[in-house]
file run.cif (mmCIF, C-alpha atoms)
data_my_file
#
loop_
_atom_site.label_atom_id
_atom_site.label_comp_id
_atom_site.auth_asym_id
_atom_site.auth_seq_id
_atom_site.Cartn_x
_atom_site.Cartn_y
_atom_site.Cartn_z
CA MET A 1 78.06 18.62 137.78
CA HIS A 2 78.43 22.08 136.31
CA SER A 3 77.60 25.15 138.38
CA ASN A 4 74.66 27.38 137.56
CA ARG A 5 77.06 30.12 136.61
CA TYR A 6 78.74 27.86 134.04
CA THR A 7 75.38 26.71 132.67
CA LEU A 8 74.20 30.29 132.17
CA LEU A 9 77.47 31.34 130.60
CA PHE A 10 77.56 28.29 128.30
CA THR A 11 74.01 28.74 127.03
CA ALA A 12 74.64 32.46 126.50
CA ILE A 13 77.75 31.77 124.45
CA ILE A 14 76.09 29.03 122.40
CA THR A 15 73.12 31.28 121.67
CA ILE A 16 75.30 34.20 120.64
CA VAL A 17 77.58 32.07 118.45
CA LEU A 18 74.74 30.26 116.68
CA ALA A 19 72.70 33.43 116.22
CA SER A 20 75.66 35.33 114.76
CA LEU A 21 76.52 32.49 112.39
CA LEU A 22 72.95 32.37 111.16
CA SER A 23 72.63 36.12 110.71
CA LEU A 24 75.94 36.12 108.87
CA ALA A 25 74.76 33.37 106.53
CA ASP A 26 71.42 35.05 106.07
CA SER A 27 72.73 38.52 105.36
CA SER A 28 75.42 37.29 102.98
CA LEU A 29 72.97 35.18 100.97
CA LYS A 30 70.00 37.50 101.23
CA GLU A 31 70.69 39.32 97.98
CA LYS A 32 70.88 36.02 96.08
CA PHE A 33 67.68 34.83 97.68
CA GLU A 34 65.78 38.03 96.93
CA ARG A 35 66.91 37.96 93.33
CA ASN A 36 65.74 34.33 93.08
CA VAL A 37 62.33 35.36 94.37
CA ASP A 38 62.14 38.28 91.98
CA VAL A 39 63.24 36.18 89.00
CA ASP A 40 60.83 33.44 90.02
CA ILE A 41 57.91 35.87 89.94
CA LYS A 42 59.00 37.13 86.52
CA LYS A 43 59.38 33.55 85.36
CA ASN A 44 55.81 32.92 86.45
CA ILE A 45 54.48 35.94 84.63
CA LEU A 46 56.34 34.80 81.50
CA GLY A 47 55.13 31.22 81.96
CA SER A 48 51.52 32.27 82.34
CA LEU A 49 51.85 34.32 79.15
CA GLY A 50 52.99 31.30 77.18
CA PHE A 51 56.78 31.74 77.24
CA LYS A 52 58.53 28.44 77.81
CA ALA A 53 62.15 27.48 78.30
CA SER A 54 63.22 24.44 76.29
CA ASP A 55 63.75 21.29 78.35
CA ASP A 56 67.46 20.93 77.66
CA SER A 57 68.40 24.55 78.31
CA PRO A 58 66.51 26.00 81.24
CA TRP A 59 66.49 29.76 81.70
CA THR A 60 69.22 31.37 83.70
CA ASN A 61 68.31 34.33 85.89
CA GLU A 62 69.74 36.62 83.20
CA ASP A 63 67.60 35.04 80.46
CA VAL A 64 64.46 35.61 82.47
CA GLU A 65 65.33 39.23 83.14
CA SER A 66 66.13 39.98 79.52
CA ILE A 67 63.01 38.31 78.09
CA PHE A 68 60.94 40.15 80.66
CA GLN A 69 62.58 43.44 79.78
CA ASN A 70 61.96 42.95 76.06
CA SER A 71 58.46 41.56 75.88
CA ILE A 72 56.52 42.60 78.95
CA VAL A 73 54.90 45.95 79.64
CA GLY A 74 53.56 46.54 83.12
CA PHE A 75 50.77 49.00 83.89
CA VAL A 76 48.18 49.69 86.54
CA VAL A 77 44.38 49.92 86.35
CA ASP A 78 41.91 51.28 88.91
CA ASN A 79 38.63 49.72 90.06
CA SER A 80 36.64 51.27 87.24
CA GLY A 81 38.93 49.75 84.68
CA PHE A 82 40.85 52.88 83.71
CA VAL A 83 44.60 52.81 83.23
CA VAL A 84 46.39 54.85 85.89
CA LYS A 85 48.90 56.86 83.91
CA ASP A 86 51.68 57.69 86.33
CA LYS A 87 52.00 54.35 88.12
CA LEU A 88 53.88 51.13 87.43
CA PRO A 89 53.26 47.71 88.98
CA GLU A 90 56.33 48.06 91.17
CA ASP A 91 54.95 51.29 92.69
CA ILE A 92 51.90 49.62 94.18
CA ASP A 93 51.82 48.24 97.67
CA PRO A 94 48.97 45.68 97.70
CA SER A 95 48.33 46.32 101.39
CA ILE A 96 47.69 50.05 100.86
CA ASP A 97 46.59 50.51 97.26
CA LEU A 98 43.51 48.34 97.53
CA ASP A 99 41.88 49.77 94.43
CA LEU A 100 44.89 49.70 92.12
CA PHE A 101 45.64 46.53 90.19
CA PRO A 102 48.79 45.66 88.25
CA ILE A 103 48.63 44.06 84.81
CA TYR A 104 51.52 42.68 82.77
CA LYS A 105 50.97 42.79 79.04
CA ARG A 106 52.84 40.63 76.54
CA VAL A 107 53.66 42.75 73.54
CA SER A 108 55.42 41.87 70.33
CA ASN A 109 55.74 44.37 67.46
CA ASN A 110 53.23 46.63 69.22
CA ILE A 111 50.58 43.90 69.16
CA THR A 112 49.15 42.78 72.50
CA GLU A 113 49.40 39.02 72.89
CA GLY A 114 47.90 38.62 76.32
CA TYR A 115 47.54 40.01 79.83
CA SER A 116 48.79 38.52 83.09
CA ILE A 117 47.23 39.36 86.45
CA PRO A 118 48.31 38.30 89.93
CA ILE A 119 45.96 35.92 91.72
CA SER A 120 46.06 34.80 95.34
CA GLY A 121 43.87 33.17 97.92
CA LYS A 122 43.51 30.40 100.43
CA GLY A 123 44.14 26.82 99.47
CA LEU A 124 44.02 24.07 102.09
CA TRP A 125 47.08 24.97 104.19
CA GLY A 126 47.73 28.56 103.36
CA THR A 127 47.69 31.32 100.80
CA MET A 128 48.55 30.43 97.22
CA TYR A 129 50.08 33.05 94.93
CA GLY A 130 50.24 32.94 91.17
CA TYR A 131 49.48 34.58 87.86
CA PHE A 132 46.56 34.12 85.53
CA SER A 133 46.85 35.11 81.90
CA ILE A 134 44.17 36.24 79.57
CA GLU A 135 44.21 36.32 75.77
CA ALA A 136 43.96 39.65 73.96
CA ASP A 137 40.18 39.10 73.62
CA GLY A 138 39.73 39.62 77.38
CA ALA A 139 37.65 36.45 77.74
CA THR A 140 39.87 33.42 77.21
CA ALA A 141 42.44 31.95 79.61
CA LYS A 142 45.96 31.91 78.22
CA GLY A 143 47.65 30.24 81.18
CA ILE A 144 48.00 29.98 84.92
CA THR A 145 51.02 29.57 87.19
CA PHE A 146 51.74 29.43 90.91
CA TYR A 147 54.96 30.63 92.46
CA SER A 148 54.21 30.24 96.14
CA HIS A 149 51.97 27.86 98.04
CA ILE A 150 52.21 25.38 100.88
CA GLU A 151 49.81 22.76 99.54
CA THR A 152 50.64 19.07 100.06
CA PRO A 153 53.26 17.89 97.55
CA GLY A 154 51.67 15.40 95.16
CA LEU A 155 48.13 16.48 96.05
CA GLY A 156 47.22 20.16 96.17
CA GLY A 157 50.85 20.87 95.31
CA GLU A 158 50.11 19.64 91.79
CA VAL A 159 48.71 23.11 91.06
CA ASP A 160 52.23 24.13 90.04
CA LYS A 161 52.58 21.24 87.57
CA PRO A 162 52.15 21.67 83.80
CA TRP A 163 49.50 18.92 83.44
CA PHE A 164 47.16 20.86 85.69
CA GLN A 165 48.01 24.31 84.39
CA ASN A 166 47.65 23.28 80.74
CA ASN A 167 44.01 22.42 81.43
CA PHE A 168 43.25 26.11 81.73
CA VAL A 169 44.60 27.14 78.36
CA GLY A 170 41.78 28.08 76.00
CA LYS A 171 39.01 27.92 78.62
CA ARG A 172 36.63 30.90 78.73
CA PHE A 173 35.71 32.67 81.94
CA VAL A 174 32.71 34.60 80.58
CA ASP A 175 29.42 33.01 79.50
CA GLU A 176 27.57 33.56 76.23
CA ASN A 177 25.94 36.73 77.61
CA GLY A 178 29.32 38.23 78.38
CA GLU A 179 28.91 37.75 82.15
CA LEU A 180 31.93 36.78 84.22
CA ILE A 181 31.57 33.23 85.56
CA GLY A 182 35.16 32.26 86.27
CA ILE A 183 36.78 28.89 85.63
CA GLN A 184 35.92 25.98 87.89
CA THR A 185 37.95 22.88 88.62
CA VAL A 186 35.67 19.89 88.88
CA LYS A 187 36.03 16.53 90.60
CA GLY A 188 37.68 14.11 88.20
CA GLN A 189 37.60 14.70 84.48
CA VAL A 190 35.59 17.25 82.56
CA ASP A 191 32.94 15.81 80.28
CA GLU A 192 34.06 17.52 77.08
CA THR A 193 30.70 17.01 75.41
CA SER A 194 28.87 19.00 78.09
CA LYS A 195 27.65 22.50 77.34
CA GLU A 196 29.48 23.78 80.41
CA ALA A 197 32.89 22.37 79.45
CA TYR A 198 34.15 25.74 78.19
CA HIS A 199 34.68 27.00 81.76
CA LEU A 200 35.50 23.71 83.53
CA VAL A 201 38.91 22.07 84.07
CA ASP A 202 39.95 18.64 85.40
CA GLY A 203 40.45 18.61 89.16
CA ILE A 204 43.31 17.13 91.17
CA SER A 205 42.36 13.89 92.88
CA GLY A 206 42.75 14.14 96.63
CA ALA A 207 42.84 17.93 96.62
CA THR A 208 39.23 19.00 96.98
CA MET A 209 39.95 21.89 99.34
CA THR A 210 42.77 23.28 97.21
CA SER A 211 40.57 23.17 94.10
CA ARG A 212 37.64 24.75 95.90
CA GLY A 213 39.87 27.57 97.15
CA LEU A 214 41.28 28.09 93.68
CA ASN A 215 37.78 28.33 92.15
CA GLN A 216 36.81 30.97 94.66
CA PHE A 217 39.85 33.22 94.57
CA LEU A 218 40.23 33.04 90.80
CA LEU A 219 36.69 34.36 90.44
CA LYS A 220 37.27 36.97 93.15
CA ASP A 221 40.40 38.29 91.41
CA LEU A 222 38.83 38.22 87.95
CA LYS A 223 35.98 40.34 89.38
CA LEU A 224 38.49 42.98 90.49
CA TYR A 225 39.83 43.24 86.97
CA ASP A 226 36.53 42.82 85.18
CA PRO A 227 35.87 46.55 84.68
CA TYR A 228 39.05 46.65 82.58
CA PHE A 229 38.59 43.38 80.71
CA SER A 230 34.88 43.94 80.03
CA LYS A 231 35.91 47.09 78.19
CA ILE A 232 38.32 45.04 76.11
CA ARG A 233 35.58 42.52 75.38
CA ASN A 234 33.26 45.30 74.28
CA GLY A 235 35.93 46.81 72.12
CA LYS A 236 36.03 50.10 74.06
CA ASN A 237 39.67 49.78 74.96
CA SER A 238 42.74 48.34 73.39
CA MET B 239 92.70 5.17 108.29
CA PRO B 240 90.99 1.85 108.98
CA PHE B 241 87.77 2.14 110.90
CA SER B 242 87.34 0.30 114.15
CA LYS B 243 84.56 -2.25 114.37
CA LYS B 244 82.51 0.07 116.53
CA SER B 245 82.75 2.90 114.02
CA LYS B 246 81.76 0.56 111.23
CA THR B 247 78.66 -0.64 113.03
CA ALA B 248 77.80 2.96 113.93
CA PHE B 249 77.52 3.50 110.19
CA THR B 250 76.07 0.19 108.97
CA ASP B 251 73.61 -0.69 111.73
CA PRO B 252 71.13 2.09 111.00
CA LEU B 253 71.11 1.17 107.30
CA MET B 254 69.41 -2.13 107.90
CA SER B 255 69.30 -3.96 111.20
CA ASN B 256 68.63 -0.88 113.31
CA ASN B 257 66.98 1.39 110.75
CA PRO B 258 65.62 4.58 112.37
CA ILE B 259 62.30 4.45 110.52
CA SER B 260 61.49 0.80 110.06
CA LEU B 261 62.98 -0.57 113.29
CA GLN B 262 62.96 2.33 115.72
CA VAL B 263 59.84 3.84 114.14
CA LEU B 264 61.14 7.42 114.36
CA GLY B 265 60.61 10.24 111.88
CA ILE B 266 57.36 8.78 110.56
CA CYS B 267 55.70 12.15 110.01
CA SER B 268 58.06 13.28 107.28
CA ALA B 269 58.13 9.77 105.81
CA LEU B 270 54.43 10.26 105.12
CA ALA B 271 54.56 13.84 103.99
CA VAL B 272 57.30 13.96 101.38
CA THR B 273 57.00 10.50 99.83
CA THR B 274 54.31 11.04 97.24
CA LYS B 275 57.01 11.61 94.61
CA LEU B 276 60.61 10.44 94.37
CA ASP B 277 62.19 13.83 93.67
CA THR B 278 61.02 15.45 96.90
CA ALA B 279 61.93 12.30 98.85
CA VAL B 280 65.49 12.40 97.49
CA VAL B 281 66.09 16.06 98.31
CA MET B 282 64.52 15.63 101.73
CA SER B 283 66.81 12.66 102.40
CA LEU B 284 69.87 14.69 101.39
CA ALA B 285 68.82 17.56 103.65
CA VAL B 286 68.35 15.19 106.58
CA ILE B 287 71.71 13.48 105.93
CA VAL B 288 73.49 16.86 105.97
CA VAL B 289 71.70 18.17 109.05
CA LEU B 290 72.08 14.91 110.94
CA SER B 291 75.80 14.43 110.28
CA VAL B 292 76.72 18.03 111.04
CA SER B 293 74.57 18.31 114.16
CA ASN B 294 75.88 14.97 115.43
CA THR B 295 79.48 16.09 114.89
CA VAL B 296 79.01 19.51 116.50
CA ILE B 297 77.20 18.08 119.51
CA SER B 298 79.84 15.40 119.90
CA ILE B 299 82.61 18.03 119.90
CA LEU B 300 80.73 19.97 122.57
CA ARG B 301 79.61 16.90 124.52
CA LYS B 302 81.96 17.36 127.48
CA MET B 303 81.17 21.07 127.74
CA ILE B 304 77.39 20.85 127.55
CA PRO B 305 75.89 21.13 131.06
CA ALA B 306 73.65 18.11 131.68
CA LYS B 307 70.79 20.25 132.93
CA VAL B 308 70.34 22.10 129.65
CA ARG B 309 71.63 19.51 127.22
CA ILE B 310 68.35 19.00 125.34
CA ILE B 311 67.88 22.69 124.72
CA VAL B 312 71.50 23.05 123.58
CA GLN B 313 71.07 20.11 121.19
CA LEU B 314 67.91 21.66 119.89
CA SER B 315 69.60 25.03 119.27
CA VAL B 316 72.39 23.36 117.31
CA ILE B 317 69.93 21.32 115.26
CA ALA B 318 67.59 24.25 114.63
CA SER B 319 70.50 26.43 113.52
CA MET B 320 71.67 23.74 111.10
CA VAL B 321 68.19 23.36 109.65
CA ILE B 322 67.75 27.09 109.18
CA PHE B 323 71.19 27.23 107.61
CA THR B 324 70.30 24.41 105.20
CA ASP B 325 67.09 26.23 104.34
CA ILE B 326 68.95 29.48 103.62
CA VAL B 327 71.48 27.68 101.40
CA LEU B 328 68.72 25.85 99.50
CA LYS B 329 66.85 29.11 98.95
CA ALA B 330 69.95 30.89 97.69
CA PHE B 331 71.32 28.17 95.41
CA PHE B 332 68.54 25.66 94.71
CA TYR B 333 65.51 27.87 94.78
CA ASP B 334 63.24 25.59 92.76
CA ILE B 335 63.93 22.57 94.93
CA SER B 336 63.47 24.55 98.12
CA LYS B 337 60.09 25.63 96.82
CA GLN B 338 59.03 22.04 96.26
CA LEU B 339 59.96 21.03 99.78
CA SER B 340 58.19 24.09 101.16
CA VAL B 341 57.58 23.62 104.87
CA PHE B 342 59.21 20.24 105.25
CA VAL B 343 62.80 21.46 105.48
CA ALA B 344 61.89 23.59 108.47
CA LEU B 345 60.16 20.58 109.97
CA ILE B 346 63.45 18.64 110.04
CA ILE B 347 63.93 20.43 113.38
CA THR B 348 61.20 18.32 114.88
CA ASN B 349 62.37 15.09 113.28
CA CYS B 350 62.81 12.68 116.19
CA ILE B 351 65.73 10.89 114.53
CA ILE B 352 67.97 13.93 114.78
CA MET B 353 67.25 14.68 118.44
CA GLY B 354 67.39 10.95 119.14
CA ARG B 355 70.87 10.50 117.64
CA ALA B 356 72.17 13.63 119.37
CA GLU B 357 70.97 12.47 122.75
CA ALA B 358 71.61 8.75 122.39
CA PHE B 359 74.85 8.71 120.41
CA ALA B 360 76.64 12.04 119.94
CA MET B 361 76.59 12.84 123.67
CA GLN B 362 78.61 9.67 124.41
CA ASN B 363 80.86 9.24 121.39
CA ARG B 364 83.83 10.81 119.63
CA PRO B 365 83.16 13.30 116.80
CA GLY B 366 84.37 10.99 113.99
CA ARG B 367 82.20 8.14 115.12
CA SER B 368 79.25 10.48 115.64
CA LEU B 369 79.66 11.73 112.09
CA LEU B 370 79.51 8.15 110.81
CA ASP B 371 76.48 7.50 112.98
CA GLY B 372 74.84 10.61 111.54
CA LEU B 373 75.62 9.58 107.97
CA GLY B 374 74.38 6.04 108.59
CA ASN B 375 71.13 7.12 110.17
CA GLY B 376 70.56 9.74 107.49
CA LEU B 377 71.12 7.15 104.77
CA GLY B 378 68.93 4.64 106.57
CA TYR B 379 66.19 7.25 106.75
CA GLY B 380 66.72 8.12 103.08
CA LEU B 381 66.58 4.48 101.96
CA ILE B 382 63.17 3.94 103.51
CA LEU B 383 61.90 7.31 102.27
CA ILE B 384 62.99 6.54 98.73
CA GLY B 385 61.59 3.01 98.98
CA VAL B 386 58.19 4.29 100.08
CA ALA B 387 58.24 7.09 97.51
CA PHE B 388 59.11 4.61 94.74
CA PHE B 389 56.00 2.53 95.33
CA ARG B 390 53.74 5.50 95.99
CA GLU B 391 54.80 7.28 92.83
CA LEU B 392 54.65 4.11 90.72
CA LEU B 393 51.23 3.03 91.95
CA GLY B 394 49.75 6.47 92.55
CA PHE B 395 50.91 8.28 89.42
CA GLY B 396 52.29 5.56 87.13
CA THR B 397 55.59 7.44 86.99
CA ILE B 398 59.11 7.02 88.34
CA TYR B 399 61.02 10.21 88.94
CA ASN B 400 58.32 12.04 86.95
CA ARG B 401 58.79 9.74 83.91
CA GLN B 402 55.80 7.78 82.75
CA VAL B 403 56.56 4.05 83.14
CA ILE B 404 53.11 2.49 83.01
CA PRO B 405 52.37 2.37 79.28
CA GLU B 406 49.35 4.14 77.85
CA SER B 407 47.96 0.78 76.63
CA PHE B 408 47.49 -0.34 80.26
CA TYR B 409 45.26 2.66 80.93
CA GLN B 410 43.27 1.93 77.79
CA ALA B 411 42.83 -1.64 78.99
CA GLY B 412 41.21 -0.30 82.16
CA TYR B 413 44.17 0.13 84.51
CA GLU B 414 43.86 3.09 86.85
CA ASN B 415 46.32 4.89 89.08
CA MET B 416 45.69 4.05 92.72
CA GLY B 417 44.43 7.24 94.34
CA LEU B 418 44.89 5.74 97.81
CA MET B 419 48.67 5.63 97.33
CA VAL B 420 48.79 9.40 96.95
CA LEU B 421 47.05 9.92 100.28
CA SER B 422 48.61 9.36 103.71
CA PRO B 423 47.08 5.91 104.26
CA GLY B 424 49.02 4.75 101.21
CA ALA B 425 52.27 5.69 102.94
CA PHE B 426 51.22 3.86 106.11
CA ILE B 427 50.40 0.71 104.16
CA ILE B 428 53.68 0.73 102.18
CA LEU B 429 55.66 1.53 105.32
CA GLY B 430 53.90 -1.25 107.21
CA LEU B 431 54.72 -3.74 104.45
CA ILE B 432 58.36 -2.63 104.40
CA VAL B 433 58.62 -3.01 108.19
CA TRP B 434 57.00 -6.44 107.94
CA ALA B 435 59.29 -7.61 105.15
CA GLN B 436 62.34 -6.33 106.96
CA ARG B 437 61.45 -8.06 110.21
CA ILE B 438 60.97 -11.35 108.43
CA ILE B 439 64.26 -11.08 106.53
CA GLY B 440 66.19 -9.70 109.49
CA LYS B 441 64.55 -12.17 111.89
CA VAL B 442 63.86 -9.40 114.39
CA GLU B 443 62.32 -10.61 117.65
CA GLU B 444 60.05 -8.25 119.53
CA GLU B 445 61.58 -7.71 122.95
#
call {"tool": "encode", "arguments": {"input": "run.cif", "output": "structure tokens"}}
result
Amino acid sequence: MHSNRYTLLFTAIITIVLASLLSLADSSLKEKFERNVDVDIKKNILGSLGFKASDDSPWTNEDVESIFQNSIVGFVVDNSGFVVKDKLPEDIDPSIDLDLFPIYKRVSNNITEGYSIPISGKGLWGTMYGYFSIEADGATAKGITFYSHIETPGLGGEVDKPWFQNNFVGKRFVDENGELIGIQTVKGQVDETSKEAYHLVDGISGATMTSRGLNQFLLKDLKLYDPYFSKIRNGKNS
Amino acid sequence: MPFSKKSKTAFTDPLMSNNPISLQVLGICSALAVTTKLDTAVVMSLAVIVVLSVSNTVISILRKMIPAKVRIIVQLSVIASMVIFTDIVLKAFFYDISKQLSVFVALIITNCIIMGRAEAFAMQNRPGRSLLDGLGNGLGYGLILIGVAFFRELLGFGTIYNRQVIPESFYQAGYENMGLMVLSPGAFIILGLIVWAQRIIGKVEEE
């Protein structure tokens, strides 16, 4: 039987050794990890705006950074839909700047090819984060991606799969009167002949709560940006 | 170096006749959670194999030094450190995969198999043998996980490793993917059938 003194000493040493090893591993790999996160977010913005890596040559981190650099312009709008001149998306802290919203614009040859906005909200297990892209008309969905969520793999987790995300492409989130109505995921398949089909997408079976959450926070986030996009729809802004 | 008979059984027993999931019924929670698709099941199995073999080896090396009074908490610290380490490495080098597994890597800490092997085997056996035991149990766990995931993905999605295998003509003829397989009860049913089949083949008698 070991003495109390030995027990205390042993646990202290084990704790110190394990903790130092972990902090060493963490601090030496932290830079890599943070870059992965950063690249992953950029990859999502690109993905939502219709950029796609070919299947046999996936993007390297460098590819993502260079495409982003060349084709994406970031800017910030306020809650009345005006562009804030002296700010960039990286300057905003979402926890403080509650009335400033970042937008990433896809530009080629000075022509706007779409806008990407961050979306986030509660799914079933936790907060989901992603990007939603809008065509240059300010009314049509161009794409949607998710880069962070803790939904059940195979169920709610399907939100990050192409089959689900492709459903959104081409759907409209404003009705015929120009009012924002969002895009709703429905149970099962959308009846394409229905009058409402333009703002409905196929749901994920077994993921009712995730879909419900997505419907709500997508609408909530689109509302925040609506002052800006309604101007685009009415041709007052380019 | 030829392995002794005891080392060999430490490795082979948990693969079949003493499988941690289907015979000892340990680690069921993760067997349900990550088996909707094969790809997550495979990575999860690899992570468990790594954590289990390393933690078994480390604990076995320390086994004579660990005070009996605090042995569980020491085992847990070693296991938790290994899991966090695996998570850090996955995030740094295999970011996409680590995203798919989300919370489940961290939950390896609470996987009963790992604590069970540390307490029941590594505390009494030499490091080499404990490593084999860890590998064997990890593989045994992985085999069942992959088996369950195979049927769930095939029946629930009509795919194997994300490739469509059920032809489109089946769907047109009225075949439908089995939604139940995607949900947890599907895992219980498949797991139950596997346990049943194995007990018949292995002629296991309930003690």
call {"tool": "interface_residues", "arguments": {"input": "run.cif", "of": "chain A", "to": "chain B", "cutoff": "9 Å", "atoms": "all atoms listed in the file", "output": "PyMOL selection string"}}
result
chain A and resi 1-3+6-7+10-11+14-15+18-19+21-22+25-26+29-37+40+147-155+157+205-206
call {"tool": "atom_distance", "arguments": {"input": "run.cif", "atom1": "CA of Arg367 in chain B", "atom2": "CA of Ile13 in chain A"}}
result
25.8 Å
call {"tool": "resolve_selection", "arguments": {"input": "run.cif", "expression": "the PyMOL selection byres ((chain A and resi 210-219) around 9)", "output": "ChimeraX atom specification"}}
result
/A:119-125,128,132,151,155-157,159,173,180-187,203-204,207-209,220-224
call {"tool": "atom_distance", "arguments": {"input": "run.cif", "atom1": "CA of Ile382 in chain B", "atom2": "CA of Ile259 in chain B"}}
result
7.1 Å
call {"tool": "resolve_selection", "arguments": {"input": "run.cif", "expression": "the PyMOL selection byres ((chain B and resi 263) around 12)", "output": "mmCIF file with C-alpha atoms, keeping the file's coordinate frame"}}
result
data_model
loop_
_atom_site.group_PDB
_atom_site.id
_atom_site.type_symbol
_atom_site.label_atom_id
_atom_site.label_comp_id
_atom_site.auth_asym_id
_atom_site.auth_seq_id
_atom_site.Cartn_x
_atom_site.Cartn_y
_atom_site.Cartn_z
ATOM 1 C CA PRO B 252 71.130 2.090 111.000
ATOM 2 C CA ASN B 256 68.630 -0.880 113.310
ATOM 3 C CA ASN B 257 66.980 1.390 110.750
ATOM 4 C CA PRO B 258 65.620 4.580 112.370
ATOM 5 C CA ILE B 259 62.300 4.450 110.520
ATOM 6 C CA SER B 260 61.490 0.800 110.060
ATOM 7 C CA LEU B 261 62.980 -0.570 113.290
ATOM 8 C CA GLN B 262 62.960 2.330 115.720
ATOM 9 C CA LEU B 264 61.140 7.420 114.360
ATOM 10 C CA GLY B 265 60.610 10.240 111.880
ATOM 11 C CA ILE B 266 57.360 8.780 110.560
ATOM 12 C CA CYS B 267 55.700 12.150 110.010
ATOM 13 C CA SER B 268 58.060 13.280 107.280
ATOM 14 C CA ALA B 269 58.130 9.770 105.810
ATOM 15 C CA ASN B 349 62.370 15.090 113.280
ATOM 16 C CA CYS B 350 62.810 12.680 116.190
ATOM 17 C CA ILE B 351 65.730 10.890 114.530
ATOM 18 C CA GLY B 354 67.390 10.950 119.140
ATOM 19 C CA GLY B 378 68.930 4.640 106.570
ATOM 20 C CA TYR B 379 66.190 7.250 106.750
ATOM 21 C CA ILE B 382 63.170 3.940 103.510
ATOM 22 C CA PHE B 426 51.220 3.860 106.110
ATOM 23 C CA LEU B 429 55.660 1.530 105.320
ATOM 24 C CA GLY B 430 53.900 -1.250 107.210
ATOM 25 C CA ILE B 432 58.360 -2.630 104.400
ATOM 26 C CA VAL B 433 58.620 -3.010 108.190
#
call {"tool": "resolve_selection", "arguments": {"input": "run.cif", "expression": "the PyMOL selection byres ((chain A and resi 103) around 9)", "output": "PDB file with C-alpha atoms, in the frame of the given file"}}
result
ATOM      1  CA  VAL A  73      54.900  45.950  79.640  1.00  0.00           C
ATOM      2  CA  GLY A  74      53.560  46.540  83.120  1.00  0.00           C
ATOM      3  CA  PHE A  75      50.770  49.000  83.890  1.00  0.00           C
ATOM      4  CA  VAL A  76      48.180  49.690  86.540  1.00  0.00           C
ATOM      5  CA  VAL A  77      44.380  49.920  86.350  1.00  0.00           C
ATOM      6  CA  PRO A  89      53.260  47.710  88.980  1.00  0.00           C
ATOM      7  CA  PHE A 101      45.640  46.530  90.190  1.00  0.00           C
ATOM      8  CA  PRO A 102      48.790  45.660  88.250  1.00  0.00           C
ATOM      9  CA  TYR A 104      51.520  42.680  82.770  1.00  0.00           C
ATOM     10  CA  LYS A 105      50.970  42.790  79.040  1.00  0.00           C
ATOM     11  CA  TYR A 115      47.540  40.010  79.830  1.00  0.00           C
ATOM     12  CA  SER A 116      48.790  38.520  83.090  1.00  0.00           C
ATOM     13  CA  ILE A 117      47.230  39.360  86.450  1.00  0.00           C
ATOM     14  CA  PRO A 118      48.310  38.300  89.930  1.00  0.00           C
TER      15      PRO A 118
END
call {"tool": "atom_distance", "arguments": {"input": "run.cif", "atom1": "CA of Gly130 in chain A", "atom2": "CA of Thr145 in chain A"}}
result
5.3 Å
call {"tool": "residues_near_point", "arguments": {"input": "run.cif", "point": "(84.1, 10.1, 113.7)", "cutoff": "12 Å", "atoms": "only C-alpha atoms", "output": "PyMOL selection string"}}
result
chain B and resi 239-242+244-246+248-249+291-292+294-296+298-299+359-360+363-374
call {"tool": "closest_residue", "arguments": {"input": "run.cif", "among": "B:Val403, B:Ile352, B:Leu276, B:Val343", "to": "Leu290 in chain B", "atoms": "only C-alpha atoms"}}
result
B:Ile352
